[in-house]
Amino acid sequence: TVYLAPGAIVKAKLLIDKAENVRIVGRGILDHPIRGIEVTHSKNVWIDGITVINPDHYTVFGGESTGLTINNLKSFSCKGWSDGIDLMCCSDVLIDNVFMRNSDDCIAIYAHLENITVRNVDILEHDEDDLLYQGCMAVDCGDKNLVRKVLFEDIRVENIQEGRLFHINVRFNSKYDKQPGRGIEDIIFRNIIYNGVGENPSLLKGFDKERSVKNIIFDNVIINGMKMKNIDDFITNEYIKNITVK
């Protein structure tokens, strides 16, 4: 156990590597580290209560770890690539009761994705000037990954300075990918409320006939008081199928 007492300011990165049954808890601050906390090749790690200020690159970085709980974490960053919580090939993860104000992704999951639930979230602002990376709720599939069985539920979104509400895309990103993604399927957006202005159209695109987007449900999506009835305002292509709006 590492305990950061209230009022403590620690100018360091905390590293958990090839370890089990570790706790980082308290009400102290990790101030301006290269990264806040790294959890790699580890099991049963609990992070609770601390605040991380302006890391150069990630507040919490998870790599090939399982049994990771992140609770009551606060994160503030303003630099390029200073993400919040990024998980690389992790499993059995719970993120709960967090506040993220980050200049890049707040929570990003890099893996062969399935069985992911994102629930009870307030998005206070979305401001991304790069069209490729816009999306309050984004499923972006490349590198021969298959993404399926993802639920976004009970999510409330306020004004968007620059960005999209939904982004679902199978693609080849030449900057990062070796191959296109294999597909996106069985995604549910339920009880989504957006009250604001400034958004670009949402995006829903497959890559080709074999690498498509399918079985997507929008259930009770309310935009400025009006229930969404169709995807006519979305940016789409011919490689999508079985899209349902309830």
# chains A, B, ... in the order shown; residues from 1 in each chain; ligands from 1
>>> residues_around(residues="A:Glu185", least_positions_apart="3", cutoff="7 Å", atoms="only C-alpha atoms", output="count of residues only")
7
>>> residues_around(residues="A:Ile9", least_positions_apart="4", cutoff="9 Å", atoms="only C-alpha atoms", output="mmCIF file with C-alpha atoms, in the first residue's frame")
data_model
loop_
_atom_site.group_PDB
_atom_site.id
_atom_site.type_symbol
_atom_site.label_atom_id
_atom_site.label_comp_id
_atom_site.auth_asym_id
_atom_site.auth_seq_id
_atom_site.Cartn_x
_atom_site.Cartn_y
_atom_site.Cartn_z
ATOM 1 C CA LEU A 4 -0.773 9.820 -0.123
ATOM 2 C CA ALA A 5 -1.938 11.836 2.867
ATOM 3 C CA GLY A 28 -2.795 13.570 -1.920
ATOM 4 C CA ILE A 29 -1.597 14.894 -5.281
ATOM 5 C CA LEU A 30 0.773 13.575 -7.917
ATOM 6 C CA ASP A 31 2.100 16.786 -9.435
#
>>> residues_around(residues="A:Asn200", least_positions_apart="4", cutoff="8 Å", atoms="only C-alpha atoms", output="list in words")
Glu162, Gly163, Arg164 and Leu165 of chain A
>>> write_last_selection(atoms="N, CA and C atoms", output="PDB file, in the first residue's frame")
ATOM      1  N   GLU A 162     -16.051  21.870 -30.349  1.00  0.00           N
ATOM      2  CA  GLU A 162     -15.715  21.215 -31.612  1.00  0.00           C
ATOM      3  C   GLU A 162     -15.783  19.720 -31.359  1.00  0.00           C
ATOM      4  N   GLY A 163     -16.575  19.006 -32.169  1.00  0.00           N
ATOM      5  CA  GLY A 163     -16.645  17.574 -31.969  1.00  0.00           C
ATOM      6  C   GLY A 163     -17.953  16.981 -32.448  1.00  0.00           C
ATOM      7  N   ARG A 164     -18.125  15.687 -32.181  1.00  0.00           N
ATOM      8  CA  ARG A 164     -19.318  14.945 -32.548  1.00  0.00           C
ATOM      9  C   ARG A 164     -19.892  14.289 -31.297  1.00  0.00           C
ATOM     10  N   LEU A 165     -21.182  13.964 -31.376  1.00  0.00           N
ATOM     11  CA  LEU A 165     -21.787  13.217 -30.284  1.00  0.00           C
ATOM     12  C   LEU A 165     -21.400  11.740 -30.381  1.00  0.00           C
TER      13      LEU A 165
END
>>> residues_around(residues="A:Val221", least_positions_apart="6", cutoff="8 Å", atoms="only C-alpha atoms", output="PyMOL selection string")
chain A and resi 189-193+227-228
>>> select_by_dssp(residues="stretch 15-238 of chain A", states="strand (DSSP E)", output="JSON, numbers by chain")
{"A": [15, 16, 17, 20, 21, 22, 23, 24, 25, 26, 29, 30, 31, 37, 38, 39, 40, 43, 44, 45, 46, 47, 48, 51, 52, 53, 60, 61, 62, 63, 66, 67, 68, 69, 70, 71, 74, 75, 76, 85, 86, 87, 88, 91, 92, 93, 94, 95, 96, 99, 100, 101, 107, 108, 109, 110, 114, 115, 116, 117, 118, 119, 120, 121, 122, 123, 126, 127, 137, 138, 139, 140, 141, 146, 147, 148, 149, 150, 151, 152, 153, 154, 155, 156, 157, 160, 161, 162, 166, 167, 168, 169, 170, 183, 184, 185, 186, 187, 188, 189, 190, 191, 192, 193, 194, 203, 204, 205, 213, 214, 215, 216, 217, 218, 219, 220, 221, 222, 223, 226, 227, 235, 236]}
>>> closest_atom_pairs(of="stretch 136-241 of chain A", to="stretch 120-132 of chain A", cutoff="10 Å", atoms="only C-alpha atoms", output="CSV")
residue,atom,partner,partner_atom,distance
A:Cys136,CA,A:His126,CA,6.5
A:Met137,CA,A:Ile123,CA,9.7
A:Asp140,CA,A:Leu132,CA,9.7
A:Phe152,CA,A:Asn120,CA,8.7
A:Glu153,CA,A:Asn120,CA,6.6
A:Asp154,CA,A:Asn120,CA,4.8
A:Ile155,CA,A:Val121,CA,4.8
A:Arg156,CA,A:Asp122,CA,4.9
A:Val157,CA,A:Ile123,CA,4.7
A:Glu158,CA,A:Leu124,CA,5.2
A:Asn159,CA,A:Glu125,CA,5.8
A:Ile160,CA,A:His126,CA,4.9
A:Gln161,CA,A:Asp127,CA,5.0
A:Glu162,CA,A:Asp127,CA,4.6
A:Gly163,CA,A:Glu128,CA,5.6
A:Arg164,CA,A:His126,CA,8.2
A:Leu165,CA,A:His126,CA,8.9
A:His167,CA,A:Leu132,CA,9.5
A:Asn169,CA,A:Leu132,CA,9.9
A:Asn173,CA,A:Leu132,CA,9.2
A:Asn191,CA,A:Asn120,CA,9.7
A:Ile192,CA,A:Asn120,CA,9.7
A:Ile193,CA,A:Asp122,CA,9.7
A:Tyr194,CA,A:Ile123,CA,9.4
A:Gly196,CA,A:Glu125,CA,9.7
A:Gly198,CA,A:His126,CA,9.8
A:Glu199,CA,A:His126,CA,9.0
A:Asn200,CA,A:Leu131,CA,9.2
